[in-house]
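Reproduced below: model-v9.cif, with mmCIF, C-alpha atoms.
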data_protein
#
loop_
_atom_site.group_PDB
_atom_site.id
_atom_site.type_symbol
_atom_site.label_atom_id
_atom_site.label_comp_id
_atom_site.auth_asym_id
_atom_site.auth_seq_id
_atom_site.Cartn_x
_atom_site.Cartn_y
_atom_site.Cartn_z
ATOM 1 C CA MET A 1451 -11.023 -85.906 81.777
ATOM 2 C CA LYS A 1452 -9.662 -83.639 79.083
ATOM 3 C CA LYS A 1453 -12.790 -84.185 76.993
ATOM 4 C CA ILE A 1454 -14.978 -83.258 79.940
ATOM 5 C CA VAL A 1455 -13.035 -80.030 80.454
ATOM 6 C CA ILE A 1456 -13.359 -79.195 76.751
ATOM 7 C CA LEU A 1457 -17.092 -79.941 76.754
ATOM 8 C CA LEU A 1458 -17.530 -77.874 79.901
ATOM 9 C CA GLY A 1459 -15.647 -74.998 78.274
ATOM 10 C CA ILE A 1460 -17.844 -75.220 75.193
ATOM 11 C CA LEU A 1461 -20.976 -75.217 77.343
ATOM 12 C CA ILE A 1462 -19.819 -72.215 79.345
ATOM 13 C CA GLY A 1463 -18.890 -70.404 76.153
ATOM 14 C CA TYR A 1464 -22.323 -71.165 74.684
ATOM 15 C CA MET A 1465 -24.088 -69.948 77.822
ATOM 16 C CA ALA A 1466 -22.070 -66.741 77.876
ATOM 17 C CA THR A 1467 -22.583 -66.056 74.182
ATOM 18 C CA ILE A 1468 -26.329 -66.679 74.286
ATOM 19 C CA GLY A 1469 -26.698 -64.740 77.522
ATOM 20 C CA MET A 1470 -24.848 -61.703 76.247
ATOM 21 C CA ILE A 1471 -26.537 -61.620 72.833
ATOM 22 C CA PHE A 1472 -30.010 -62.052 74.290
ATOM 23 C CA THR A 1473 -29.642 -59.530 77.069
ATOM 24 C CA ASN A 1474 -28.143 -56.979 74.678
ATOM 25 C CA ILE A 1475 -31.243 -57.305 72.507
ATOM 26 C CA VAL A 1476 -33.587 -57.030 75.495
ATOM 27 C CA MET A 1477 -31.825 -54.254 77.377
ATOM 28 C CA PHE A 1478 -30.764 -52.118 74.419
ATOM 29 C CA MET A 1479 -33.421 -52.648 71.760
ATOM 30 C CA LYS A 1480 -32.974 -50.125 68.959
ATOM 31 C CA LYS A 1481 -35.272 -47.137 69.445
ATOM 32 C CA LYS A 1482 -37.096 -45.158 66.801
ATOM 33 C CA THR A 1483 -35.952 -41.586 66.286
ATOM 34 C CA ASP A 1484 -38.241 -38.573 66.590
ATOM 35 C CA ASP A 1485 -38.096 -38.150 62.829
ATOM 36 C CA GLU A 1486 -39.112 -41.764 62.227
ATOM 37 C CA ILE A 1487 -42.097 -41.501 64.571
ATOM 38 C CA LEU A 1488 -43.237 -38.167 63.172
ATOM 39 C CA GLU A 1489 -42.841 -39.335 59.574
ATOM 40 C CA ARG A 1490 -45.017 -42.384 60.259
ATOM 41 C CA GLU A 1491 -47.680 -40.518 62.215
ATOM 42 C CA THR A 1492 -48.003 -37.742 59.627
ATOM 43 C CA ARG A 1493 -47.815 -40.107 56.632
ATOM 44 C CA GLU A 1494 -50.568 -42.265 58.074
ATOM 45 C CA GLY A 1495 -52.751 -39.256 58.818
ATOM 46 C CA ARG A 1496 -52.941 -39.310 62.610
ATOM 47 C CA LEU A 1497 -51.509 -35.817 63.027
ATOM 48 C CA THR A 1498 -50.021 -32.935 61.104
ATOM 49 C CA LEU A 1499 -46.889 -30.905 61.677
ATOM 50 C CA ASP A 1500 -49.087 -27.875 62.373
ATOM 51 C CA GLU A 1501 -50.821 -29.785 65.157
ATOM 52 C CA ILE A 1502 -47.497 -30.732 66.709
ATOM 53 C CA GLN A 1503 -46.210 -27.162 66.598
ATOM 54 C CA SER A 1504 -49.433 -25.765 68.050
ATOM 55 C CA ILE A 1505 -49.584 -28.015 71.123
ATOM 56 C CA GLN A 1506 -49.835 -25.811 74.202
ATOM 57 C CA LYS A 1507 -47.725 -27.915 76.502
ATOM 58 C CA GLU A 1508 -45.824 -27.527 79.736
ATOM 59 C CA ASP A 1509 -42.484 -29.314 79.861
ATOM 60 C CA ILE A 1510 -42.228 -31.322 83.060
ATOM 61 C CA THR A 1511 -39.386 -33.118 84.831
ATOM 62 C CA ILE A 1512 -40.044 -35.743 87.492
ATOM 63 C CA GLN A 1513 -37.278 -37.428 89.431
ATOM 64 C CA SER A 1514 -37.071 -41.196 89.089
ATOM 65 C CA LYS A 1515 -36.260 -43.204 92.195
ATOM 66 C CA PHE A 1516 -33.375 -44.595 90.099
ATOM 67 C CA GLY A 1517 -31.688 -41.203 89.890
ATOM 68 C CA TYR A 1518 -32.502 -39.954 86.383
ATOM 69 C CA PRO A 1519 -35.042 -37.366 85.174
ATOM 70 C CA ILE A 1520 -38.368 -38.488 83.710
ATOM 71 C CA LYS A 1521 -39.292 -36.032 80.975
ATOM 72 C CA GLY A 1522 -42.794 -35.323 79.766
ATOM 73 C CA TRP A 1523 -45.436 -32.839 78.659
ATOM 74 C CA PHE A 1524 -48.496 -31.692 80.517
ATOM 75 C CA VAL A 1525 -51.328 -30.546 78.241
ATOM 76 C CA LYS A 1526 -54.286 -28.810 79.846
ATOM 77 C CA GLY A 1527 -57.709 -29.770 78.524
ATOM 78 C CA THR A 1528 -60.024 -28.774 81.357
ATOM 79 C CA GLU A 1529 -60.234 -26.927 84.660
ATOM 80 C CA LYS A 1530 -61.472 -30.125 86.272
ATOM 81 C CA ASN A 1531 -59.029 -32.179 88.314
ATOM 82 C CA ARG A 1532 -59.043 -35.159 85.977
ATOM 83 C CA PHE A 1533 -56.001 -36.512 84.257
ATOM 84 C CA ILE A 1534 -54.959 -39.159 81.770
ATOM 85 C CA ILE A 1535 -51.348 -40.367 81.889
ATOM 86 C CA ILE A 1536 -50.173 -41.956 78.624
ATOM 87 C CA SER A 1537 -47.547 -44.706 78.704
ATOM 88 C CA HIS A 1538 -45.972 -45.502 75.311
ATOM 89 C CA GLY A 1539 -44.567 -48.731 73.898
ATOM 90 C CA VAL A 1540 -41.014 -49.980 73.507
ATOM 91 C CA THR A 1541 -38.857 -48.153 70.896
ATOM 92 C CA GLN A 1542 -41.370 -45.264 70.846
ATOM 93 C CA ASN A 1543 -41.533 -42.032 72.852
ATOM 94 C CA LYS A 1544 -44.112 -39.437 73.840
ATOM 95 C CA LEU A 1545 -44.509 -38.298 70.216
ATOM 96 C CA ASN A 1546 -46.236 -41.626 69.599
ATOM 97 C CA SER A 1547 -48.737 -40.718 72.334
ATOM 98 C CA ILE A 1548 -49.997 -37.552 70.655
ATOM 99 C CA LYS A 1549 -52.780 -39.416 68.813
ATOM 100 C CA TYR A 1550 -54.126 -40.659 72.141
ATOM 101 C CA MET A 1551 -53.645 -37.236 73.713
ATOM 102 C CA LYS A 1552 -55.968 -35.744 71.088
ATOM 103 C CA LEU A 1553 -58.594 -38.390 71.841
ATOM 104 C CA PHE A 1554 -58.637 -37.567 75.555
ATOM 105 C CA LEU A 1555 -58.428 -33.786 75.138
ATOM 106 C CA GLU A 1556 -61.582 -34.024 73.020
ATOM 107 C CA ARG A 1557 -63.234 -35.735 75.984
ATOM 108 C CA ASP A 1558 -62.367 -32.984 78.431
ATOM 109 C CA TRP A 1559 -59.341 -34.469 80.169
ATOM 110 C CA ASN A 1560 -55.962 -33.035 81.098
ATOM 111 C CA VAL A 1561 -53.208 -35.195 79.638
ATOM 112 C CA LEU A 1562 -49.682 -36.053 80.746
ATOM 113 C CA LEU A 1563 -47.387 -37.704 78.197
ATOM 114 C CA TYR A 1564 -43.987 -38.928 79.341
ATOM 115 C CA ASP A 1565 -40.970 -40.830 78.041
ATOM 116 C CA HIS A 1566 -40.060 -44.186 79.543
ATOM 117 C CA ARG A 1567 -36.552 -44.799 80.846
ATOM 118 C CA ARG A 1568 -33.975 -44.937 78.044
ATOM 119 C CA HIS A 1569 -36.531 -43.477 75.618
ATOM 120 C CA GLY A 1570 -37.034 -39.948 74.362
ATOM 121 C CA GLU A 1571 -35.605 -37.391 76.762
ATOM 122 C CA THR A 1572 -35.810 -39.547 79.898
ATOM 123 C CA GLY A 1573 -32.641 -40.951 81.439
ATOM 124 C CA GLY A 1574 -31.864 -44.537 82.309
ATOM 125 C CA LYS A 1575 -29.533 -47.037 80.677
ATOM 126 C CA THR A 1576 -31.715 -50.097 80.054
ATOM 127 C CA THR A 1577 -35.223 -51.125 79.024
ATOM 128 C CA SER A 1578 -36.917 -53.652 81.320
ATOM 129 C CA TYR A 1579 -40.348 -54.086 79.673
ATOM 130 C CA GLY A 1580 -42.260 -52.830 82.668
ATOM 131 C CA HIS A 1581 -40.168 -54.025 85.609
ATOM 132 C CA TYR A 1582 -38.372 -50.768 86.404
ATOM 133 C CA GLU A 1583 -40.773 -48.704 84.296
ATOM 134 C CA LYS A 1584 -43.612 -49.383 86.740
ATOM 135 C CA PHE A 1585 -41.753 -47.470 89.447
ATOM 136 C CA ASP A 1586 -41.327 -44.483 87.132
ATOM 137 C CA LEU A 1587 -45.057 -44.600 86.420
ATOM 138 C CA GLU A 1588 -45.622 -44.584 90.165
ATOM 139 C CA SER A 1589 -43.506 -41.415 90.363
ATOM 140 C CA VAL A 1590 -45.577 -39.792 87.605
ATOM 141 C CA VAL A 1591 -48.855 -40.586 89.383
ATOM 142 C CA THR A 1592 -47.437 -39.279 92.666
ATOM 143 C CA TRP A 1593 -46.385 -36.047 90.900
ATOM 144 C CA VAL A 1594 -49.940 -35.484 89.637
ATOM 145 C CA LYS A 1595 -51.450 -36.115 93.068
ATOM 146 C CA LYS A 1596 -49.001 -33.807 94.826
ATOM 147 C CA LYS A 1597 -49.465 -31.004 92.309
ATOM 148 C CA TYR A 1598 -53.214 -31.236 91.758
ATOM 149 C CA GLY A 1599 -54.524 -32.964 94.849
ATOM 150 C CA GLU A 1600 -55.057 -36.454 96.204
ATOM 151 C CA ASN A 1601 -58.714 -36.315 95.150
ATOM 152 C CA SER A 1602 -57.852 -35.921 91.466
ATOM 153 C CA THR A 1603 -59.358 -38.466 89.098
ATOM 154 C CA ILE A 1604 -56.496 -40.261 87.347
ATOM 155 C CA GLY A 1605 -56.582 -42.734 84.492
ATOM 156 C CA ILE A 1606 -53.660 -44.412 82.744
ATOM 157 C CA HIS A 1607 -53.577 -45.390 79.084
ATOM 158 C CA GLY A 1608 -50.812 -47.770 78.058
ATOM 159 C CA GLU A 1609 -49.831 -49.209 74.678
ATOM 160 C CA SER A 1610 -47.838 -52.455 74.335
ATOM 161 C CA MET A 1611 -44.928 -52.214 76.819
ATOM 162 C CA GLY A 1612 -46.731 -49.194 78.242
ATOM 163 C CA ALA A 1613 -49.789 -51.391 78.816
ATOM 164 C CA VAL A 1614 -47.637 -53.994 80.570
ATOM 165 C CA THR A 1615 -46.108 -51.226 82.691
ATOM 166 C CA THR A 1616 -49.600 -49.983 83.542
ATOM 167 C CA LEU A 1617 -50.786 -53.402 84.705
ATOM 168 C CA LEU A 1618 -47.616 -54.100 86.699
ATOM 169 C CA TYR A 1619 -47.947 -50.703 88.366
ATOM 170 C CA ALA A 1620 -51.628 -51.244 89.129
ATOM 171 C CA GLY A 1621 -50.967 -54.696 90.538
ATOM 172 C CA MET A 1622 -48.116 -53.408 92.680
ATOM 173 C CA ILE A 1623 -49.644 -50.235 94.057
ATOM 174 C CA GLU A 1624 -53.162 -51.514 94.766
ATOM 175 C CA ASP A 1625 -55.017 -49.161 92.459
ATOM 176 C CA GLY A 1626 -53.002 -45.969 92.619
ATOM 177 C CA ALA A 1627 -55.090 -44.657 89.726
ATOM 178 C CA ASP A 1628 -58.865 -44.730 89.292
ATOM 179 C CA PHE A 1629 -58.936 -46.703 86.052
ATOM 180 C CA TYR A 1630 -56.713 -48.213 83.380
ATOM 181 C CA ILE A 1631 -56.896 -48.595 79.596
ATOM 182 C CA VAL A 1632 -54.432 -51.201 78.326
ATOM 183 C CA ASP A 1633 -53.880 -51.634 74.597
ATOM 184 C CA CYS A 1634 -52.136 -54.842 73.357
ATOM 185 C CA PRO A 1635 -50.198 -55.939 76.471
ATOM 186 C CA PHE A 1636 -48.550 -59.306 76.804
ATOM 187 C CA SER A 1637 -49.735 -61.354 79.753
ATOM 188 C CA ASP A 1638 -46.353 -62.825 80.629
ATOM 189 C CA PHE A 1639 -42.842 -61.919 79.434
ATOM 190 C CA GLU A 1640 -41.581 -65.501 79.448
ATOM 191 C CA ALA A 1641 -44.511 -66.682 77.327
ATOM 192 C CA GLN A 1642 -43.998 -63.757 74.947
ATOM 193 C CA LEU A 1643 -40.292 -64.505 74.544
ATOM 194 C CA LYS A 1644 -40.996 -68.192 73.915
ATOM 195 C CA TYR A 1645 -43.447 -67.206 71.183
ATOM 196 C CA LEU A 1646 -41.022 -64.775 69.526
ATOM 197 C CA LEU A 1647 -38.146 -67.258 69.666
ATOM 198 C CA LYS A 1648 -40.333 -69.832 67.938
ATOM 199 C CA VAL A 1649 -41.837 -67.529 65.299
ATOM 200 C CA ASP A 1650 -38.990 -65.114 64.540
ATOM 201 C CA TYR A 1651 -35.881 -67.186 65.206
ATOM 202 C CA LYS A 1652 -37.073 -70.822 64.994
ATOM 203 C CA ILE A 1653 -35.091 -71.551 68.166
ATOM 204 C CA PRO A 1654 -36.434 -73.753 70.985
ATOM 205 C CA ALA A 1655 -36.822 -71.624 74.102
ATOM 206 C CA PRO A 1656 -35.017 -74.115 76.416
ATOM 207 C CA LEU A 1657 -31.832 -73.512 74.431
ATOM 208 C CA VAL A 1658 -31.945 -69.788 75.192
ATOM 209 C CA LEU A 1659 -34.101 -68.637 78.098
ATOM 210 C CA PRO A 1660 -32.421 -70.415 81.047
ATOM 211 C CA PHE A 1661 -29.029 -68.908 80.175
ATOM 212 C CA ALA A 1662 -30.462 -65.570 79.120
ATOM 213 C CA ASN A 1663 -32.322 -65.312 82.413
ATOM 214 C CA ILE A 1664 -29.116 -65.781 84.398
ATOM 215 C CA PHE A 1665 -27.399 -62.992 82.477
ATOM 216 C CA LEU A 1666 -30.436 -60.706 82.720
ATOM 217 C CA LYS A 1667 -30.431 -61.100 86.487
ATOM 218 C CA LEU A 1668 -26.693 -60.453 86.667
ATOM 219 C CA ARG A 1669 -26.682 -57.494 84.274
ATOM 220 C CA ASP A 1670 -29.961 -55.720 85.054
ATOM 221 C CA GLY A 1671 -31.095 -57.053 88.417
ATOM 222 C CA TYR A 1672 -34.369 -58.780 87.560
ATOM 223 C CA SER A 1673 -35.550 -62.031 86.037
ATOM 224 C CA ILE A 1674 -37.891 -62.745 83.130
ATOM 225 C CA LYS A 1675 -40.501 -64.107 85.543
ATOM 226 C CA ASP A 1676 -40.650 -60.719 87.315
ATOM 227 C CA VAL A 1677 -42.426 -59.238 84.269
ATOM 228 C CA SER A 1678 -45.782 -60.967 84.391
ATOM 229 C CA PRO A 1679 -49.021 -58.946 84.350
ATOM 230 C CA VAL A 1680 -51.068 -62.130 84.688
ATOM 231 C CA SER A 1681 -49.416 -62.797 88.057
ATOM 232 C CA VAL A 1682 -50.711 -59.494 89.488
ATOM 233 C CA ILE A 1683 -53.938 -58.948 87.550
ATOM 234 C CA GLN A 1684 -56.117 -60.168 90.416
ATOM 235 C CA ASN A 1685 -54.688 -57.416 92.636
ATOM 236 C CA ILE A 1686 -56.312 -54.779 90.418
ATOM 237 C CA LYS A 1687 -59.748 -53.859 91.727
ATOM 238 C CA ASN A 1688 -60.398 -50.640 89.816
ATOM 239 C CA PRO A 1689 -61.855 -50.740 86.282
ATOM 240 C CA VAL A 1690 -59.712 -51.916 83.371
ATOM 241 C CA LEU A 1691 -60.495 -51.560 79.674
ATOM 242 C CA PHE A 1692 -58.607 -54.157 77.621
ATOM 243 C CA ILE A 1693 -58.027 -53.506 73.906
ATOM 244 C CA HIS A 1694 -56.300 -55.661 71.282
ATOM 245 C CA SER A 1695 -56.356 -56.179 67.530
ATOM 246 C CA ALA A 1696 -57.643 -59.583 66.456
ATOM 247 C CA LYS A 1697 -54.937 -59.755 63.770
ATOM 248 C CA ASP A 1698 -51.999 -58.809 66.008
ATOM 249 C CA ASP A 1699 -49.314 -61.423 65.324
ATOM 250 C CA TYR A 1700 -46.587 -59.838 67.467
ATOM 251 C CA ILE A 1701 -48.387 -59.977 70.826
ATOM 252 C CA LEU A 1702 -51.287 -62.359 70.348
ATOM 253 C CA PRO A 1703 -54.805 -61.200 71.309
ATOM 254 C CA GLU A 1704 -55.173 -64.374 73.360
ATOM 255 C CA MET A 1705 -52.897 -62.731 75.914
ATOM 256 C CA THR A 1706 -55.360 -59.896 76.451
ATOM 257 C CA MET A 1707 -58.217 -62.409 76.593
ATOM 258 C CA GLU A 1708 -56.339 -64.268 79.327
ATOM 259 C CA LEU A 1709 -55.845 -61.050 81.311
ATOM 260 C CA TYR A 1710 -59.494 -60.095 80.870
ATOM 261 C CA LYS A 1711 -60.640 -63.493 82.112
ATOM 262 C CA MET A 1712 -58.394 -63.297 85.186
ATOM 263 C CA LYS A 1713 -59.322 -59.704 86.100
ATOM 264 C CA GLU A 1714 -61.882 -59.551 88.892
ATOM 265 C CA GLY A 1715 -64.348 -56.689 89.249
ATOM 266 C CA PRO A 1716 -65.215 -53.984 86.702
ATOM 267 C CA LYS A 1717 -63.777 -54.529 83.235
ATOM 268 C CA GLN A 1718 -64.477 -54.215 79.526
ATOM 269 C CA MET A 1719 -62.777 -55.524 76.423
ATOM 270 C CA LEU A 1720 -62.543 -54.651 72.743
ATOM 271 C CA ILE A 1721 -61.006 -57.089 70.285
ATOM 272 C CA ALA A 1722 -60.750 -54.834 67.247
ATOM 273 C CA GLU A 1723 -61.351 -56.358 63.824
ATOM 274 C CA ARG A 1724 -58.464 -54.751 61.979
ATOM 275 C CA GLY A 1725 -54.892 -53.707 62.572
ATOM 276 C CA LYS A 1726 -51.453 -55.084 63.274
ATOM 277 C CA HIS A 1727 -49.725 -54.682 66.611
ATOM 278 C CA ALA A 1728 -50.523 -51.333 68.297
ATOM 279 C CA TYR A 1729 -52.842 -50.329 65.440
ATOM 280 C CA SER A 1730 -56.196 -50.878 67.146
ATOM 281 C CA PHE A 1731 -56.830 -47.141 67.307
ATOM 282 C CA ALA A 1732 -55.351 -46.316 63.913
ATOM 283 C CA ASP A 1733 -57.416 -48.923 62.043
ATOM 284 C CA ASN A 1734 -60.574 -49.030 64.192
ATOM 285 C CA LYS A 1735 -60.970 -45.407 65.282
ATOM 286 C CA GLU A 1736 -64.760 -45.420 65.571
ATOM 287 C CA ALA A 1737 -64.897 -48.655 67.572
ATOM 288 C CA TYR A 1738 -61.968 -47.529 69.748
ATOM 289 C CA GLU A 1739 -63.616 -44.229 70.627
ATOM 290 C CA LYS A 1740 -66.965 -45.889 71.255
ATOM 291 C CA VAL A 1741 -65.596 -48.427 73.716
ATOM 292 C CA ILE A 1742 -63.766 -45.666 75.597
ATOM 293 C CA ASP A 1743 -66.952 -43.587 75.764
ATOM 294 C CA ASP A 1744 -68.874 -46.625 77.014
ATOM 295 C CA PHE A 1745 -66.167 -47.402 79.559
ATOM 296 C CA PHE A 1746 -66.207 -43.836 80.845
ATOM 297 C CA ALA A 1747 -70.006 -43.848 81.065
ATOM 298 C CA ASN A 1748 -69.996 -47.135 82.984
ATOM 299 C CA TYR A 1749 -67.065 -46.732 85.348
ATOM 300 C CA VAL A 1750 -65.532 -43.243 85.498
ATOM 301 C CA ARG A 1751 -66.861 -40.561 87.808
ATOM 302 C CA ASP A 1752 -67.163 -37.087 86.322
#

Kindly transcribe the structure held in the file into structure tokens.
Amino acid sequence: MKKIVILLGILIGYMATIGMIFTNIVMFMKKKTDDEILERETREGRLTLDEIQSIQKEDITIQSKFGYPIKGWFVKGTEKNRFIIISHGVTQNKLNSIKYMKLFLERDWNVLLYDHRRHGETGGKTTSYGHYEKFDLESVVTWVKKKYGENSTIGIHGESMGAVTTLLYAGMIEDGADFYIVDCPFSDFEAQLKYLLKVDYKIPAPLVLPFANIFLKLRDGYSIKDVSPVSVIQNIKNPVLFIHSAKDDYILPEMTMELYKMKEGPKQMLIAERGKHAYSFADNKEAYEKVIDDFFANYVRD
């Protein structure tokens, strides 16, 4: 009996340790600073400090349903009521979205860049990889429609976690926007975590995920299975442009291919030849711009 109690104590201790370590990594992943993002973007030639300083932007604050302010910039590019909302990836903030902002301003769109919860200037204590973020995106879309009219044309561009957020939002809200551009999303959080545990940590997922999931539910109110774009992709009827780098070894391009296959109705896909994770635009600029122009010509009303 004593041995059983000891073994049970060891098991409980293991579960608690794994659960706490894992959920700390997930919920509080280290973010990049403004200086780190700007240094990278300027060093790699996607923008200059003069461009950043010359942006004619309106600071906006939108209330999250979770009680914190969502901070962003509105940049006017046209008198037309057409808007692109840009949703950045995990550890980044709206400064990372400037390169995409420039792309859409050149194509005669108004652009709204915003910070996800717990990133940049936006409030919120945890990162949830799209679960809670999708509701903040809903608030951003609602803000645009209230301010500029229900008949506004709205597109959403998301990168990495921002792409996951975009798909989860679209699948939840039954096409609250007119179209979506999703760059390097994962198709399913559980599958992504299993892959990272295998590649980065060499740990079998069954030794971690069951316990981690319990602690995630207890600490942040959702489960790993709740973050699954592939489970809602068939709800999305409006056009989706899927983009991924063929050489992405962080989120595999097969995940985007799976989402593309499952998506019903209008869709396009670009598997870019070059680039690591989230570098499809940086390393394939001409192809990236061309597929967006083709997508607009095929599916977006002027």

For segment 1539-1545 of chain A, what centre and edge lengths in Å (one decimal) does the axis-aligned box get once 8 Å is added on each side of all its listed atoms, as JSON?
{"center_x": -41.7, "center_y": -44.1, "center_z": 72.1, "size_x": 21.7, "size_y": 27.7, "size_z": 19.7}

**Q.** For atom CA of Met1470 of chain A and atom CA of Ser1514 of chain A, the interatomic separation in Å (one decimal)
**A.**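 For atom CA of Met1470 of chain A relative to atom CA of Ser1514 of chain A, the distance reads 27.1 Å.
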
Can you list what the PyMOL selection byres ((chain A and resi 1725) around 10) grabs from this structure, as a short mmCIF file (atom, residue, chain, number, x, y, z; two decimals) with C-alpha atoms, keeping the file's coordinate frame?
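Output saved as part-v6.cif:
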data_model
loop_
_atom_site.label_atom_id
_atom_site.label_comp_id
_atom_site.auth_asym_id
_atom_site.auth_seq_id
_atom_site.Cartn_x
_atom_site.Cartn_y
_atom_site.Cartn_z
CA HIS A 1694 -56.30 -55.66 71.28
CA SER A 1695 -56.36 -56.18 67.53
CA ALA A 1696 -57.64 -59.58 66.46
CA LYS A 1697 -54.94 -59.76 63.77
CA ASP A 1698 -52.00 -58.81 66.01
CA ASP A 1699 -49.31 -61.42 65.32
CA ALA A 1722 -60.75 -54.83 67.25
CA GLU A 1723 -61.35 -56.36 63.82
CA ARG A 1724 -58.46 -54.75 61.98
CA LYS A 1726 -51.45 -55.08 63.27
CA HIS A 1727 -49.72 -54.68 66.61
CA ALA A 1728 -50.52 -51.33 68.30
CA TYR A 1729 -52.84 -50.33 65.44
CA SER A 1730 -56.20 -50.88 67.15
CA PHE A 1731 -56.83 -47.14 67.31
CA ALA A 1732 -55.35 -46.32 63.91
CA ASP A 1733 -57.42 -48.92 62.04
CA ASN A 1734 -60.57 -49.03 64.19
#

Q: Quick one: pull the distance between atom CA of Gly1469 of chain A and atom CA of Val1677 of chain A, Å, one decimal.
A: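 Atom CA of Val1677 of chain A lies 18.0 Å from atom CA of Gly1469 of chain A.
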
Q: Using all atoms listed in the file, find all polymer residues with an atom at most 12 Å away from the point (-67.7, -47.1, 78.0); report them as a ChimeraX atom specification.
A: /A:1629,1631,1689-1692,1716-1720,1737-1751

Within 10 Å of segment 1683-1687 of chain A, which residues of segment 1596-1675 of chain A come that close, and what is the closest atom pair and distance in Å for each? Count all atoms listed in the file and give it as a Markdown table.
| residue | atom | partner | partner_atom | distance |
| --- | --- | --- | --- | --- |
| A:Leu1617 | CA | A:Ile1683 | CA | 7.0 |
| A:Leu1618 | CA | A:Ile1683 | CA | 8.0 |
| A:Tyr1619 | CA | A:Ile1686 | CA | 9.5 |
| A:Ala1620 | CA | A:Ile1686 | CA | 6.0 |
| A:Gly1621 | CA | A:Asn1685 | CA | 5.1 |
| A:Met1622 | CA | A:Asn1685 | CA | 7.7 |
| A:Ile1623 | CA | A:Ile1686 | CA | 8.9 |
| A:Glu1624 | CA | A:Ile1686 | CA | 6.3 |
| A:Asp1625 | CA | A:Ile1686 | CA | 6.1 |
| A:Gly1626 | CA | A:Ile1686 | CA | 9.7 |
| A:Asp1628 | CA | A:Lys1687 | CA | 9.5 |
| A:Phe1629 | CA | A:Lys1687 | CA | 9.2 |
| A:Tyr1630 | CA | A:Ile1686 | CA | 9.6 |
| A:Ser1637 | CA | A:Ile1683 | CA | 9.2 |

Q: Quote the spacing between atom CA of Leu1563 of chain A and atom CA of Val1591 of chain A in Å to one decimal place.
A: 11.6 Å
